[in-house]
Amino acid sequence: MAKIYYDKDANLSLIRDKKVAIIGYGSQGHAHALNLTDSGVSVRVGLAAKSKSAAKAKKAGLTVGTVDEVSAWADVIMMLVPDHVAARLYRESVAPHLTAGKMLMFAHGFNIRFAGIVPPKNVDVTMIAPKSPGHRVREVFQEGGGVPGLIAVQQDATGKAKKLALSYGRGIGCTRAGVLQTTFKEETETDLFGEQAVLCGGCAELVKAGFKTLVDAGYQPEIAYFECMHELKLIVDLMYRGGLNYMRYSVSDTAEWGDYVSGPRVITKKTQAEMKRILKDIQTGKFAKRFMDENNKLGRKTMNKFRATERKQKIEVVGAKLRGMMPFLNPITISK
């Protein structure tokens, strides 16, 4: 069983005694910076000189500087920029200021696991990874709670890395809910697999395949949308609150029976074998190399093509129309 840490295991004064640089001000960056500030921590946000996020951070009352400036100032540097950007930014603006005894932190292990970033041996390298989007990290913290998180220590140069990382976790609210101990390797590989095989890749393809099957059989696309996309949230919310058993308890007997007899016809042994191949690609670094090459060598040509194609899918066209008729959903339209 995983070791779990709570507020009682984390000394908030440790991070309060440090100067913390938050590199990036996106989903996670804004949440970490604001939560730490509310916890009494000295924080500065590092952004590119012309970053559009600078105005947002300043409006929130935060001190903003260039990545070089805040990295030179800080004792603790938390990297919260996209995976494909982090290595270059680290080399250019963080590494020159990473002196002995400082701590380099991450909320995802990608660049450490696949050696995009190789820190010097005389610094601590740790991870605090909230298991929630950044807006929820902030919202739940403001409500007096916290979201669960993960902690990992890759390098412990000072002998105090774990205690300081836990203190950081308390500063953003994660120890209120519980912080599970892991490794950079385990977090990275399981996170990438979950995204690809289940949460994003697997789920999206399942929804599209179900929608297409019904439409191709002559059913109205609006009905197919409700059955294969809209109602998915209802089922996931039941799982989220009580697992598969609660979901099956809550649906009709007909739905529960269909789950048992038809689910294995969709997710077959062949599907599971493909999942193992996906995991292997992650473990060997094949996926990471393809992703980084797509960004650094191909200029995101393939990714942009995927985006353009997917946004024209019939399920997206029909879905946008139906969501527009349901203002209570607070529907969002992605235009680019």
# chains A, B, ... in the order shown; residues from 1 in each chain; ligands from 1

$ select_by_dssp --residues "range 85-128 of chain A" --states "strand (DSSP E)" --output "MDAnalysis selection string"
chainID A and resid 103:106 124:128

$ closest_atom_pairs --of "range 234-293 of chain A" --to "range 179-196 of chain A" --cutoff "8 Å" --atoms "only C-alpha atoms" --output "CSV"
residue,atom,partner,partner_atom,distance
A:Ile278,CA,A:Phe193,CA,7.2
A:Leu279,CA,A:Phe193,CA,6.0
A:Ile282,CA,A:Glu189,CA,6.3
A:Gln283,CA,A:Glu189,CA,6.4

$ closest_atom_pairs --of "range 67-93 of chain A" --to "range 22-30 of chain A" --cutoff "6 Å" --atoms "only C-alpha atoms" --output "JSON lines"
{"residue": "A:Met78", "atom": "CA", "partner": "A:Ile22", "partner_atom": "CA", "distance": 5.1}
{"residue": "A:Met79", "atom": "CA", "partner": "A:Ile23", "partner_atom": "CA", "distance": 5.1}
{"residue": "A:Leu80", "atom": "CA", "partner": "A:Gly24", "partner_atom": "CA", "distance": 5.2}
{"residue": "A:Val81", "atom": "CA", "partner": "A:Gly24", "partner_atom": "CA", "distance": 5.2}

$ write_last_selection --atoms "N, CA, C and O atoms" --output "short mmCIF file (atom, residue, chain, number, x, y, z; two decimals), in the first residue's frame"
data_model
loop_
_atom_site.label_atom_id
_atom_site.label_comp_id
_atom_site.auth_asym_id
_atom_site.auth_seq_id
_atom_site.Cartn_x
_atom_site.Cartn_y
_atom_site.Cartn_z
N MET A 78 9.91 25.79 -8.90
CA MET A 78 8.90 24.83 -9.36
C MET A 78 8.62 25.05 -10.84
O MET A 78 8.19 26.12 -11.25
N MET A 79 8.89 24.02 -11.65
CA MET A 79 8.68 24.09 -13.09
C MET A 79 7.24 23.71 -13.43
O MET A 79 6.84 22.55 -13.27
N LEU A 80 6.46 24.68 -13.90
CA LEU A 80 5.06 24.44 -14.23
C LEU A 80 4.74 24.95 -15.63
O LEU A 80 3.77 25.67 -15.86
N VAL A 81 5.58 24.56 -16.57
CA VAL A 81 5.38 24.89 -17.98
C VAL A 81 5.18 23.58 -18.74
O VAL A 81 5.51 22.50 -18.24
#

$ residues_around --residues "Ala49 in chain A" --least-positions-apart "3" --cutoff "9 Å" --atoms "only C-alpha atoms" --output "PyMOL selection string"
chain A and resi 54+65-67

$ select_by_dssp --residues "range 102-256 of chain A" --states "helix (DSSP H, G or I)" --output "VMD selection string"
chain A and resid 110 to 113 134 to 142 161 to 171 174 to 177 184 to 199 201 to 216 221 to 230 232 to 250 253 to 256

$ closest_residue --among "A:Leu150, A:Ala87, A:Met275, A:Ala100" --to "Ile112 in chain A" --atoms "only C-alpha atoms"
A:Ala87

$ closest_atom_pairs --of "range 45-95 of chain A" --to "range 154-167 of chain A" --cutoff "12 Å" --atoms "only C-alpha atoms" --output "CSV"
residue,atom,partner,partner_atom,distance
A:Asp75,CA,A:Leu164,CA,11.1
A:Val76,CA,A:Leu164,CA,9.4
A:Ile77,CA,A:Ala165,CA,11.4
A:Met78,CA,A:Ala165,CA,10.6

$ atom_distance --atom1 "CA of Ala308 in chain A" --atom2 "CA of Ala209 in chain A"
18.6 Å

$ residues_around --residues "Ala115 in chain A" --least-positions-apart "6" --cutoff "12 Å" --atoms "only C-alpha atoms" --output "count of residues only"
10

$ residues_around --residues "Ile235 in chain A" --least-positions-apart "4" --cutoff "9 Å" --atoms "only C-alpha atoms" --output "PyMOL selection string"
chain A and resi 231+239-240+247+251
